[in-house]
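> My questions all concern the structure below.
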Amino acid sequence: MTSREFDGIRLEKLREHVWEIPREGDMNVPARVLASEDLLEEIGEDDTLRQLRNATHLPGMVEPALCMPDGHQGYGFPVGGVGAIDARTGCISPGAVGYDINCGVRMVRTSLAYDDVRGREEELVDALFEAIPSGLGGGGVIDGDADAIDGALERGVEWAVEEGYGIESDLAQCEDEGRRPDARPEYVSQKAKDRGRNQLGSLGSGNHFLEVQRVTDVFRDEVADAYGLSEGQVVVLIHCGSRGLGHQTCNDYLRRIEREHADLLESLPDKELAAAPAGSELAEEYYGAMGACINFAWVNRQLITHRTREVFGDVFDADPIDDLEMELLYDVAHNIAKKETHEVGVGPDGLPAVGDEAVDRADRELYVHRKGATRAFPADHEEVPEAYRSVGQPVIIPGSMGAGSYVLRGGSESMSVSFGSTAHGAGRLMSRTQAKQEFWGGDVQDDLESEQAIYVKAQSGATVAEEAPGVYKDVDEVVRVSDELGIGDTVARTFPVCNIKG
DNA sequence: ATGTGC
């Protein structure tokens with residue numbers, strides 16, 4: 001059997017693109033990396049594998065802990081990590097969701113062709129940059145008051161559409177229809193709400209962006225038809241999260257775990273994996289608060305969508321819905337934990353079990369943690385919107401601002417291989433600090449414009465350097481692995497036209 | 001990711 005070892009961590013190749021870290025010591029389950037040999041070499045260079053192995057110590061983890069092909073090291077739990085944990089006997093881990101709760105991405109279609117936009121890129125990028133708040137700190141599309149925050153946290157996109165910031169179809173074309181039914185705004189602290197109030201409709205910083213793109217390739221005609229995508233079409237990608245509100249909420253609950261569940265914390269190999277035991281008051285409150293932050297992030301992307309439609313309407317002197325057909329393709333969460341029912345191995349006592357200890361398989365309710373991973377439910381799954389039910393849910397995978405992005409559809413193998421999940425992006429190759437040593441923001445922008453006709457406008461040159469195309473892995477290779485594993489199948493590829501950043 | 005550290 002082929003095997004590879006990185007810094008004392010050995011992986012056995014089970015089959016093409018599937019590498020297992022065998023269970024040993026206090027690991028509850030094995031761990032698996034879904035990657036080609038080339039991607040595995042990159043994943044093995046940072047702390048990802050050790051973090052993935054540590055994650056298997058979380059109580060109640062069922063089946064192997066997973067790392068998607070774009071995985072890299074994160075806070076405690078790797079980015080690109082998927083961890084399914086028994087919701088009755090296990091735990092829920094804020095560290096396995098991430099600071100930016102429901103950081104995610106949506107794609108908006110248009111009826112414009114690249115030729116309609118060509119030559120007007122700078123006018124468009126200037127108008128978008130002017131209209132859409134970005135960067136660190138406050139300022140949003142709307143000035144939120146207490147009612148707005150409560151509406152957003154409780155009801156998500158439903159609230160935004162009622163307030164006039166969207167159209168009816170925006171609801172159906174969003175994961176969970178833009179509203180977590182189990183959101184509990186009362187478990188979000190006043191401090192977090194105060195931070196979110198003036199950030200409703202703002203991109204933020206880091207890897208967040210709004211990008212106008214053109215469809216360059218269609219790989220599966222019948223799926224692209226169902227998604228309303230065709231070659232040459234202009235689309236808009238919006239990538240952002242829950243800003244200070246989600247960050248504050250993650251922090252609030254990490255502190256409470258330290259105070260109220262120090263025993264569980266002590267038992268973990270890395271304190272950053274902090275988790276609350278299933279059934280505890282804290283677990284319930286975090287789950288409800290996280291659901292509210294998820295709704296906030298959806299409202300954030302909805303308000304940016306609203307403003308984007310207005311900008312396109314102005315620039316192209318047309319009605320954004322009736323003429324430009326700016327409908328939402330889909331909105332997917334990249335950082336989330338949700339109760340989902342999946343089939344898992346169970347022992348004689350009926351509890352989830354792995355390897356030889358499993359005597360049967362049965363449906364169990366799990367906290368599926370996806371941290372830097374996308375839900376990728378296949379055709380016929382009841383949670384796929386009706387318009388896409390026969391082909392599978394759209395999966396949106398942003399690459400870098402120099403490489404473009406992909407639209408996939410949930411693959412037929414995703415439920416059995418990855419708890420209905422696939423990759424979420426290209427994955428970082430180097431730290432932000434290293435990126436700033438390697439690149440200069442202004443040079444990156446000049447090169448993109450002169451060599452690829454891509455127009456980037458950003459609040460901070462440092463952010464452009466941190467997000468330079470060269471700091472990312474090869475997104476083509478990431479989606480090739482997803483496609484070959486059958487967890488997410490390529491549908492279309494896009495290429496950047498212009499991009500605004502924090 | 002983030003009022004760019006507690």
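Identifiers in this document derive from the order of the structure tokens: chains are assigned A, B, ..., residues are numbered from 1 separately in each chain, and ligands are numbered from 1 in order of occurrence.
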Quick one: residues within 10 Å of Phe316 of chain A, only C-alpha atoms (C1' of nucleotides) counted, chain neighbours fewer than 5 positions away excluded, as a PyMOL selection string?
chain A and resi 112+116-117+120+124+311+323-324
> Keeping only C-alpha atoms, write the selected residues as a PDB file, in the first residue's frame.

```
ATOM      1  CA  LEU A 112     -25.165  40.745 -19.850  1.00  0.00           C
ATOM      2  CA  ASP A 116     -21.455  44.522 -22.946  1.00  0.00           C
ATOM      3  CA  VAL A 117     -18.997  45.117 -20.114  1.00  0.00           C
ATOM      4  CA  ARG A 120     -16.436  49.754 -19.165  1.00  0.00           C
ATOM      5  CA  LEU A 124     -18.164  49.546 -13.222  1.00  0.00           C
ATOM      6  CA  VAL A 311     -25.252  49.851  -9.353  1.00  0.00           C
ATOM      7  CA  ASP A 323     -33.842  43.798 -18.106  1.00  0.00           C
ATOM      8  CA  LEU A 324     -30.614  42.538 -16.558  1.00  0.00           C
TER       9      LEU A 324
END
```
> Using only C-alpha atoms (C1' of nucleotides), I'd like a table of the residues in chain A that come within 12 Å of chain B; for each, show the closest atom pair and its distance in Å rounded to one decimal, ordered by chain and ascending number, as a tab-separated table.

```
residue	atom	partner	partner_atom	distance
A:Gly74	CA	B:DA1	C1'	10.4
A:Tyr75	CA	B:DA1	C1'	10.2
A:Val79	CA	B:DA1	C1'	11.6
A:Val97	CA	B:DA1	C1'	11.5
A:Gly98	CA	B:DA1	C1'	8.0
A:Tyr99	CA	B:DA1	C1'	5.8
A:Asp100	CA	B:DA1	C1'	5.1
A:Ile101	CA	B:DA1	C1'	8.9
A:Asn102	CA	B:DA1	C1'	10.8
A:Cys103	CA	B:DA1	C1'	8.4
A:Gly104	CA	B:DA1	C1'	11.7
A:Gly135	CA	B:DT2	C1'	11.0
A:Leu136	CA	B:DG3	C1'	8.0
A:Gly137	CA	B:DG3	C1'	5.9
A:Gly138	CA	B:DG3	C1'	8.2
A:Gly139	CA	B:DG3	C1'	11.9
A:Lys191	CA	B:DG3	C1'	11.7
A:Ala192	CA	B:DG3	C1'	11.7
A:Asp194	CA	B:DG3	C1'	11.2
A:Arg195	CA	B:DG3	C1'	8.3
A:Gly196	CA	B:DG3	C1'	11.2
A:Asn198	CA	B:DG3	C1'	11.8
A:Gln199	CA	B:DG3	C1'	11.6
A:Leu203	CA	B:DA1	C1'	11.7
A:Gly204	CA	B:DA1	C1'	9.1
A:Ser205	CA	B:DA1	C1'	8.2
A:Gly206	CA	B:DA1	C1'	7.1
A:Asn207	CA	B:DA1	C1'	8.6
A:His208	CA	B:DA1	C1'	9.3
A:Cys240	CA	B:DA1	C1'	9.7
A:Gly241	CA	B:DA1	C1'	8.4
A:Ser242	CA	B:DA1	C1'	9.2
A:Arg243	CA	B:DT2	C1'	7.5
A:Gly244	CA	B:DT2	C1'	6.4
A:Leu245	CA	B:DT2	C1'	9.7
A:Gly246	CA	B:DA1	C1'	9.3
A:His247	CA	B:DT2	C1'	6.3
A:Gln248	CA	B:DT2	C1'	8.5
A:Thr249	CA	B:DT2	C1'	11.5
A:Cys250	CA	B:DA1	C1'	10.8
A:Asn251	CA	B:DT2	C1'	10.3
A:Arg255	CA	B:DC6	C1'	11.9
A:Asn335	CA	B:DA1	C1'	10.6
A:Lys371	CA	B:DA1	C1'	11.9
A:Gly372	CA	B:DA1	C1'	11.5
A:Arg432	CA	B:DT4	C1'	11.5
A:Thr433	CA	B:DT4	C1'	12.0
A:Ala462	CA	B:DT4	C1'	11.5
A:Thr463	CA	B:DT4	C1'	11.2
```
> Which of these, A:Gln213, A:Thr374, A:Ser202, A:Thr341, has the shortest distance to Ala297 of chain A once you count only C-alpha atoms?
A:Ser202
> Step one, run DSSP on the backbone; step two, keep only residues of segment 173-412 of chain A assigned to alpha helix (DSSP H); then write them as a ChimeraX atom specification.
/A:190-197,221-227,243-260,262-267,281-315
> For segment 415-425 of chain A, work out the shell of residues within 7 Å, counting only C-alpha atoms (C1' of nucleotides) and skipping chain neighbours fewer than 6 positions away, then give it as a ChimeraX atom specification.
/A:68-70,80,334,372-377,397-399,475,482,487-488
> Have a look at atom CA of Lys339 of chain A and atom CA of Ile396 of chain A and let me know their distance in Å, one decimal.
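Here the two named atoms are 21.8 Å from each other.
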> Write out as a PyMOL selection string the residues lying within 12 Å of Val344 of chain A, counting only C-alpha atoms (C1' of nucleotides) and excluding same-chain residues fewer than 5 positions away.
chain A and resi 61-64+84-86+350-355+358-366+415-419
> Distance atom CA of Asn28 of chain A-atom CA of His369 of chain A, one decimal place?
16.2 Å
> As a ChimeraX atom specification, please: every residue in segment 283-479 of chain A that a backbone DSSP assignment puts in strand (DSSP E).
/A:328-333,335-346,360-371,374-375,394-397,405-410,421-422,455-458
> Mind giving me the straight-line distance from atom CA of Ala292 of chain A to atom CA of Gly140 of chain A in Å, one decimal?
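Between atom CA of Ala292 of chain A and atom CA of Gly140 of chain A the gap works out to 18.5 Å.
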> Which residue is closest to Ala435 of chain A? Choose from A:Asp380, A:Glu168, A:Glu357, A:Glu467 and count only C-alpha atoms.
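Selected residue with least distance to Ala435 of chain A: A:Glu467.
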